[in-house]
Each structure stands twice: as C-alpha cells, then as structure tokens.
>>> print(open('run.txt').read())   # compact mmCIF, C-alpha atoms
# COMPACT_ATOMS: atom_id res chain seq x y z
CA MET A 1 -20.21 5.64 23.06
CA ASN A 2 -19.69 3.65 19.84
CA ALA A 3 -16.90 1.12 19.22
CA ALA A 4 -14.97 3.53 16.96
CA VAL A 5 -14.78 6.16 19.71
CA ILE A 6 -13.62 3.60 22.27
CA SER A 7 -10.92 2.45 19.83
CA VAL A 8 -9.76 6.05 19.24
CA MET A 9 -9.61 6.74 22.98
CA ALA A 10 -7.58 3.55 23.53
CA VAL A 11 -5.08 4.53 20.80
CA TRP A 12 -4.83 8.07 22.20
CA THR A 13 -4.10 6.67 25.68
CA ILE A 14 -1.29 4.48 24.27
CA LEU A 15 0.13 7.50 22.39
CA MET A 16 0.06 9.71 25.51
CA VAL A 17 1.61 7.10 27.82
CA SER A 18 4.34 6.19 25.32
CA THR A 19 5.15 9.89 24.79
CA ALA A 20 5.47 10.39 28.54
CA ALA A 21 7.70 7.30 28.78
CA SER A 22 9.96 8.54 25.93
CA THR A 23 10.20 12.07 27.32
CA TRP A 24 10.56 11.59 31.04
CA TRP A 25 11.67 7.98 31.56
CA PHE A 26 13.92 6.85 28.69
CA SER A 27 15.77 10.19 28.88
CA GLN A 28 17.01 9.34 32.38
CA PRO A 29 20.78 8.70 32.77
CA MET A 30 20.11 5.13 34.02
CA PHE A 31 19.72 4.18 30.34
CA THR A 32 22.77 4.16 28.07
CA PRO A 33 22.53 6.61 25.12
CA VAL A 34 22.22 3.74 22.62
CA ALA A 35 19.50 1.92 24.59
CA SER A 36 17.59 5.16 25.18
CA THR A 37 17.83 6.29 21.54
CA LEU A 38 16.80 2.92 20.13
CA ALA A 39 13.84 2.68 22.53
CA VAL A 40 12.72 6.23 21.75
CA MET A 41 13.00 5.78 17.97
CA LEU A 42 11.17 2.44 18.00
CA ILE A 43 8.41 3.98 20.14
CA ALA A 44 8.20 6.87 17.63
CA ALA A 45 7.84 4.37 14.75
CA VAL A 46 5.00 2.59 16.59
CA LYS A 47 3.33 5.94 17.34
CA VAL A 48 3.54 7.00 13.68
CA THR A 49 2.03 3.66 12.63
CA LEU A 50 -0.84 4.14 15.09
CA VAL A 51 -1.51 7.70 13.88
CA MET A 52 -1.50 6.51 10.25
CA SER A 53 -3.71 3.48 10.81
CA HIS A 54 -6.21 4.78 13.38
CA PHE A 55 -6.27 8.58 13.00
CA MET A 56 -5.61 8.90 9.26
CA GLU A 57 -7.75 5.78 8.64
CA LEU A 58 -5.14 4.08 6.47
CA ARG A 59 -6.15 0.71 7.94
CA SER A 60 -9.31 0.82 5.82
CA ALA A 61 -7.68 2.57 2.83
CA PRO A 62 -6.81 0.89 -0.50
CA ARG A 63 -3.75 -1.38 -0.32
CA ALA A 64 -1.53 0.93 -2.39
CA TRP A 65 -1.93 3.76 0.13
CA GLN A 66 -1.32 1.39 3.02
CA LEU A 67 1.87 0.27 1.29
CA ALA A 68 2.97 3.91 0.84
CA GLY A 69 2.43 4.58 4.57
CA ALA A 70 4.26 1.43 5.67
CA THR A 71 7.15 2.20 3.28
CA TRP A 72 7.53 5.71 4.70
CA VAL A 73 7.68 4.43 8.30
CA ILE A 74 10.15 1.63 7.49
CA VAL A 75 12.46 3.79 5.34
CA ALA A 76 12.47 6.79 7.73
CA ALA A 77 12.96 4.70 10.90
CA SER A 78 15.61 2.44 9.30
CA ALA A 79 17.57 5.40 7.93
CA VAL A 80 17.60 7.17 11.30
CA ILE A 81 18.57 4.04 13.26
CA VAL A 82 21.20 2.81 10.77
CA ILE A 83 22.93 6.22 10.54
CA TYR A 84 22.82 6.50 14.36
CA LEU A 85 24.51 3.10 14.75
CA LEU A 86 27.28 3.78 12.16
CA MET B 1 -28.46 -46.64 0.82
CA SER B 2 -28.18 -43.87 -1.62
CA ALA B 3 -27.80 -40.45 -0.23
CA ASP B 4 -28.52 -37.34 -2.19
CA ILE B 5 -25.69 -35.04 -1.60
CA GLU B 6 -26.92 -31.54 -1.44
CA PHE B 7 -24.47 -28.90 -2.57
CA VAL B 8 -24.15 -26.25 0.08
CA PRO B 9 -22.18 -23.26 -1.19
CA THR B 10 -19.43 -22.09 1.10
CA PRO B 11 -20.30 -18.64 2.33
CA MET B 12 -18.00 -16.09 0.80
CA ALA B 13 -16.30 -13.63 3.05
CA PRO B 14 -17.84 -10.20 2.48
CA ARG B 15 -15.67 -7.88 0.44
CA VAL B 16 -14.16 -5.22 2.62
CA SER B 17 -14.88 -1.87 1.07
CA ARG B 18 -11.68 0.12 1.13
CA ARG B 19 -11.90 3.90 1.05
CA LEU B 20 -9.39 6.73 1.22
CA PRO B 21 -10.71 9.58 3.41
CA GLY B 22 -11.00 12.94 1.65
CA VAL B 23 -9.62 13.50 -1.84
CA GLU B 24 -6.61 11.72 -3.35
CA GLY B 25 -4.82 15.02 -4.11
CA VAL B 26 -4.50 15.82 -0.40
CA TRP B 27 -2.87 12.43 0.16
CA VAL B 28 -0.40 13.00 -2.69
CA PHE B 29 0.54 16.34 -1.11
CA VAL B 30 0.80 14.73 2.35
CA PHE B 31 3.15 11.98 1.17
CA ALA B 32 5.27 14.43 -0.85
CA ASP B 33 5.60 16.62 2.25
CA MET B 34 6.45 13.60 4.41
CA ALA B 35 9.12 12.53 1.89
CA VAL B 36 10.79 15.96 2.14
CA PHE B 37 10.81 15.74 5.95
CA ALA B 38 12.15 12.16 5.84
CA LEU B 39 15.03 13.42 3.70
CA MET B 40 15.74 16.12 6.29
CA PHE B 41 15.69 13.51 9.08
CA GLY B 42 18.38 11.58 7.19
CA CYS B 43 20.52 14.69 6.60
CA PHE B 44 20.21 15.66 10.26
CA MET B 45 21.31 12.19 11.42
CA TRP B 46 24.22 12.21 8.97
CA ASP B 47 25.53 15.56 10.23
CA ARG B 48 24.95 14.38 13.80
CA HIS B 49 27.10 11.33 12.97
CA LEU B 50 29.89 13.67 11.77
CA GLN B 51 29.71 16.05 14.79
CA PRO B 52 28.37 14.00 17.73
CA GLU B 53 29.81 16.19 20.53
CA SER B 54 28.53 19.48 19.14
CA PHE B 55 25.05 18.01 18.49
CA GLU B 56 24.86 16.46 21.97
CA VAL B 57 25.88 19.67 23.76
CA SER B 58 23.35 21.64 21.71
CA ARG B 59 20.59 19.08 22.29
CA ARG B 60 21.01 19.54 26.04
CA ALA B 61 20.16 23.23 25.63
CA LEU B 62 16.63 22.28 24.48
CA ASP B 63 13.70 22.22 26.90
CA LEU B 64 12.60 18.58 27.05
CA THR B 65 9.43 19.35 28.99
CA MET B 66 8.24 21.95 26.46
CA GLY B 67 8.87 19.51 23.59
CA GLY B 68 7.11 16.67 25.43
CA VAL B 69 4.11 18.83 26.35
CA ASN B 70 3.83 20.01 22.74
CA THR B 71 3.74 16.37 21.62
CA LEU B 72 0.92 15.63 24.08
CA ILE B 73 -0.96 18.72 22.84
CA LEU B 74 -0.75 17.68 19.16
CA LEU B 75 -1.71 14.06 19.88
CA THR B 76 -4.75 15.30 21.82
CA SER B 77 -5.73 17.64 18.98
CA SER B 78 -5.51 14.76 16.49
CA MET B 79 -7.75 12.63 18.71
CA LEU B 80 -10.29 15.51 18.89
CA VAL B 81 -10.27 15.80 15.09
CA VAL B 82 -11.00 12.06 14.79
CA LEU B 83 -13.92 12.50 17.22
CA ALA B 84 -15.22 15.45 15.14
CA ILE B 85 -15.17 13.38 11.93
CA ASP B 86 -16.85 10.53 13.79
CA ALA B 87 -19.57 12.90 15.07
CA LEU B 88 -20.22 14.12 11.51
CA LYS B 89 -20.39 10.53 10.20
CA TYR B 90 -22.93 9.54 12.86
CA ALA B 91 -25.00 12.73 12.35
CA GLU B 92 -24.14 14.07 15.80
CA ASN B 93 -23.53 17.44 14.18
CA ALA B 94 -23.73 19.48 17.39
CA LEU B 95 -20.58 17.80 18.73
CA ALA B 96 -18.38 18.35 15.66
CA PRO B 97 -17.81 22.13 16.10
CA VAL B 98 -17.01 21.57 19.79
CA PHE B 99 -14.31 18.98 18.99
CA LEU B 100 -12.93 21.06 16.11
CA GLY B 101 -12.90 24.19 18.30
CA LEU B 102 -10.97 22.35 21.02
CA ALA B 103 -8.52 21.01 18.39
CA THR B 104 -8.02 24.60 17.17
CA LEU B 105 -7.20 25.67 20.74
CA CYS B 106 -4.63 22.86 20.91
CA GLY B 107 -3.06 24.20 17.71
CA LEU B 108 -2.89 27.68 19.24
CA ALA B 109 -1.39 26.26 22.45
CA PHE B 110 1.35 24.57 20.40
CA ILE B 111 2.13 27.86 18.59
CA VAL B 112 2.31 29.84 21.86
CA ASN B 113 4.50 27.17 23.48
CA LYS B 114 6.84 27.16 20.48
CA ALA B 115 7.02 30.97 20.49
CA PHE B 116 8.11 30.88 24.15
CA GLU B 117 10.71 28.24 23.31
CA TYR B 118 12.12 30.32 20.42
CA ARG B 119 12.19 33.47 22.58
CA GLU B 120 14.11 31.59 25.27
CA LYS B 121 16.70 30.51 22.69
CA PHE B 122 17.04 33.97 21.14
CA GLU B 123 17.46 35.54 24.60
CA ALA B 124 20.25 33.03 25.31
CA GLY B 125 21.97 34.21 22.13
CA ILE B 126 21.15 31.02 20.22
CA GLY B 127 20.08 31.42 16.60
CA LEU B 128 20.06 29.81 13.17
CA GLN B 129 23.79 30.42 12.69
CA THR B 130 24.97 29.21 16.12
CA ASN B 131 25.96 25.78 14.76
CA ASP B 132 24.70 22.98 12.48
CA PHE B 133 22.45 21.51 15.18
CA PHE B 134 20.58 24.78 15.67
CA MET B 135 20.43 25.37 11.92
CA TYR B 136 18.54 22.07 11.62
CA TYR B 137 16.54 22.83 14.77
CA PHE B 138 15.26 26.19 13.53
CA ILE B 139 14.70 25.08 9.92
CA MET B 140 12.88 21.83 10.75
CA THR B 141 10.81 23.18 13.66
CA GLY B 142 10.19 26.42 11.73
CA MET B 143 8.89 24.53 8.69
CA HIS B 144 6.78 22.40 10.99
CA LEU B 145 5.46 25.48 12.80
CA GLY B 146 4.38 26.89 9.43
CA HIS B 147 2.38 23.68 8.89
CA VAL B 148 0.85 24.05 12.38
CA VAL B 149 -0.24 27.63 11.63
CA VAL B 150 -1.86 26.59 8.32
CA GLY B 151 -3.47 23.55 10.00
CA THR B 152 -4.86 25.65 12.86
CA VAL B 153 -6.46 28.06 10.38
CA ILE B 154 -7.98 25.07 8.53
CA LEU B 155 -9.33 23.62 11.80
CA ALA B 156 -10.86 26.98 12.77
CA ALA B 157 -12.50 27.26 9.32
CA LEU B 158 -13.87 23.71 9.62
CA ALA B 159 -15.17 24.45 13.14
CA LEU B 160 -17.07 27.44 11.75
CA LYS B 161 -18.33 25.39 8.79
CA ALA B 162 -19.51 22.65 11.17
CA ARG B 163 -21.52 25.26 13.12
CA SER B 164 -23.24 26.58 10.01
CA SER B 165 -26.43 25.26 8.44
CA ARG B 166 -24.34 23.63 5.70
CA ALA B 167 -22.61 21.33 8.20
CA GLY B 168 -24.56 18.32 7.04
CA GLY B 169 -23.10 18.46 3.51
CA SER B 170 -20.22 16.40 2.17
CA ILE B 171 -17.70 15.11 4.68
CA VAL B 172 -14.85 15.23 2.14
CA ALA B 173 -13.69 18.75 3.10
CA TYR B 174 -13.55 17.77 6.78
CA GLU B 175 -11.62 14.60 5.97
CA GLY B 176 -9.11 16.52 3.84
CA GLY B 177 -8.45 18.97 6.68
CA ALA B 178 -8.24 16.10 9.17
CA THR B 179 -5.69 14.23 7.03
CA TYR B 180 -3.51 17.34 6.80
CA TRP B 181 -3.71 17.89 10.57
CA HIS B 182 -2.80 14.27 11.34
CA MET B 183 0.26 14.67 9.09
CA VAL B 184 1.29 17.74 11.13
CA ASP B 185 0.95 15.62 14.28
CA LEU B 186 2.82 12.69 12.72
CA LEU B 187 5.77 14.88 11.67
CA TRP B 188 6.12 16.29 15.18
CA VAL B 189 6.00 12.73 16.60
CA CYS B 190 9.21 12.17 14.54
CA LEU B 191 10.83 15.59 15.00
CA PHE B 192 10.54 15.63 18.78
CA PRO B 193 12.61 12.48 19.50
CA LEU B 194 15.04 13.28 16.70
CA LEU B 195 15.93 16.75 18.02
CA TYR B 196 15.27 16.44 21.76
CA LEU B 197 15.87 12.79 22.66
CA VAL B 198 18.51 11.20 20.41
CA ARG B 199 21.71 11.25 22.50
>>> encode(input="run.txt", output="structure tokens")
Amino acid sequence: MNAAVISVMAVWTILMVSTAASTWWFSQPMFTPVASTLAVMLIAAVKVTLVMSHFMELRSAPRAWQLAGATWVIVAASAVIVIYLL
Amino acid sequence: MSADIEFVPTPMAPRVSRRLPGVEGVWVFVFADMAVFALMFGCFMWDRHLQPESFEVSRRALDLTMGGVNTLILLTSSMLVVLAIDALKYAENALAPVFLGLATLCGLAFIVNKAFEYREKFEAGIGLQTNDFFMYYFIMTGMHLGHVVVGTVILAALALKARSSRAGGSIVAYEGGATYWHMVDLLWVCLFPLLYLVR
C-alpha cells in the first residue's frame, strides 16, 4: 500500500468519525442549540477543507485554485455562522 | 595562514510542480455550481433567522439517521474514486473498475435512500408547499439529487471505460469525473448539517 493510499484512508477515517460525531453525538439534548450548531458547522467546514485538499487534490493545485477553494469555505461558513448568531 | 574559501552553492529547494487535476473547464463549472449553492445556504439561514420556530419544528420531522447514513455513503464513494484514480496513476488498471463500480453502487444507494426519505415525507402529507423550510428542503436536496444522478451515470461510464482496452489512455477524463463527484460529496457535507442539524 503506497503512502498516498494510506493518507486517503486516514482522511476518510477522520471524515467518517466526525460525521458520526455530528450526527449522533452533537445532536443530543445535553448540548445547547448554539454549542451544537457551532460545533457541527465548524466540523462541516473542516470536512469540506479535507475533501477539497485530499480528495479533489487542491493541495497540489496552482495557488489561484487553492485560493478559490479557501475563499469558498471561509465565505460559506462565515455567512452561515454569522446569520445564525444574529 | 591563508585559506582558500571555496564557494559552496546553497542547494535550492526543488520547485514543487503544481497541477490541476482534469481540465480547467470542469473546475470553473464546479466553482460556479458551488457559488450557487453557497448563495442558497445564505438564503436558507436568513429565512431560518426570520422564522426560527417553524424551521425548528420542521427540522425535527427529518430523519437524522437517513441523512447521516447518506453522508457516510457519499464520503465512502469519494474515497473509492480517489483510490480508482490512484490505481490508474500507478498502472494498477485492474483495480480501477472495481473501485469505480463500488463508487457507482454508493451513488445508487444514496438515490434509493433519498427516494425512501421523500416517499416518507409525501406519505406524511409534507410537500414543497408545506412551509418555507420544506420548500428549501425539497429544492436544495432535489437539486443535489439531480447532481447525484448525473454523477452516478458518469461513474458508471468511467467504470466501463476503465474495464475496456482503452483504460490505459489519458487520465484527464477520469479526473474530470472524479472532481465532479467530489463536488457532489462536498455539497452534501454542507447540506446535511444545514438542514438536519442546525437547531
């Protein structure tokens, strides 16, 4: 198994575990709605970044495309969180 | 004592060769599509801000487990697509159609799961015109489902291409399909928490 495959499997494991945590743990009533929502949205932003960098291979793409990806994540996540907190 | 100072050049760091997988046009389309969805995320959150009670009651009618399982399915399919591209890059051509075939099955599983979810809602009398939450729910998940259907067809076509004698050709077509599929996955990674988990 080459290093790239090991890296992909590691990222996939993180994505699966964090999805399970968002779905079945942070949705529990022991967390306040604000804490749960912020945790879930931040986890989603990290997951999107991992998909972009490791699955879509943006980490080895030209800088301009990396910037476009990072801008999308920051703008989308900030808009959602700011409007939620209004 | 005179010492001859020998000039030893500092080794230069090797230039990292940066490369965009597939063709640039696919990426332009992907980012345009993602921009449209980002705009919808903002509109959804704004209307949620204006009607928090109605959105929260409606959110509770969604099946969290189905949404979560669908997320796990799409993430797994994306991982399989990465493995397929990797197999093609390292000339392990026999593995590529297997990974792409499994990714196609994941796409089909998502579609079937979503169909069950829609049927459950329709049987409960919930539709596009029930309220603003469900209008967003059906429009955003419906648009996404359309992307999943197109992506699944692309994956199936690539699986067949990888099995054929022309599998060893250019990797660009595979990378284009892979990029599109990862976008489908990425959008669901955002849609799922937005619709099912924000409370």
>>> interface_residues(input="run.txt", of="chain A", to="chain B", cutoff="6 Å", atoms="all atoms listed in the file", output="PyMOL selection string")
chain A and resi 23+33+37+48+56+60-62+76
>>> residues_around(input="run.txt", residues="Lys47 (chain A)", least_positions_apart="3", cutoff="8 Å", atoms="all atoms listed in the file", output="PyMOL selection string")
(chain A and resi 15+43-44+50-51) or (chain B and resi 189)
>>> atom_distance(input="run.txt", atom1="CA of Ala77 (chain A)", atom2="CA of Pro29 (chain A)")
23.6 Å
>>> closest_residue(input="run.txt", among="B:Ala124, B:Ala115, B:Ala109, B:Ala96", to="Thr141 (chain B)", atoms="all atoms listed in the file")
B:Ala115
>>> atom_distance(input="run.txt", atom1="CA of Ile171 (chain B)", atom2="CA of Gly22 (chain B)")
7.7 Å
>>> residues_near_point(input="run.txt", point="(-16.0, 28.9, 8.9)", cutoff="12 Å", atoms="all atoms listed in the file", output="count of residues only")
20
>>> atom_distance(input="run.txt", atom1="CA of Tyr136 (chain B)", atom2="CA of Trp24 (chain A)")
23.5 Å
>>> residues_around(input="run.txt", residues="Asn131 (chain B)", least_positions_apart="4", cutoff="9 Å", atoms="all atoms listed in the file", output="PDB file with C-alpha atoms, in the coordinates of the input")
ATOM      1  CA  SER B  54      28.530  19.480  19.140  1.00  0.00           C
ATOM      2  CA  PHE B  55      25.050  18.010  18.490  1.00  0.00           C
ATOM      3  CA  SER B  58      23.350  21.640  21.710  1.00  0.00           C
ATOM      4  CA  ILE B 126      21.150  31.020  20.220  1.00  0.00           C
ATOM      5  CA  GLY B 127      20.080  31.420  16.600  1.00  0.00           C
ATOM      6  CA  MET B 135      20.430  25.370  11.920  1.00  0.00           C
ATOM      7  CA  TYR B 136      18.540  22.070  11.620  1.00  0.00           C
TER       8      TYR B 136
END
>>> axis_aligned_box(input="run.txt", around="region 18-32 of chain A", padding_each_side="8 Å", output="JSON")
{"center_x": 13.6, "center_y": 8.1, "center_z": 29.4, "size_x": 34.4, "size_y": 23.9, "size_z": 25.2}
>>> closest_residue(input="run.txt", among="B:Ala94, B:Ile111, B:Leu105, B:Ala32", to="Leu145 (chain B)", atoms="only C-alpha atoms")
B:Ile111
>>> closest_residue(input="run.txt", among="A:Ser18, A:Ser7, A:Ser78, A:Ser27", to="Ser53 (chain A)", atoms="only C-alpha atoms")
A:Ser7
>>> closest_residue(input="run.txt", among="A:Ala10, A:Leu38, A:Ala68, A:Val46", to="Ile83 (chain A)", atoms="all atoms listed in the file")
A:Leu38
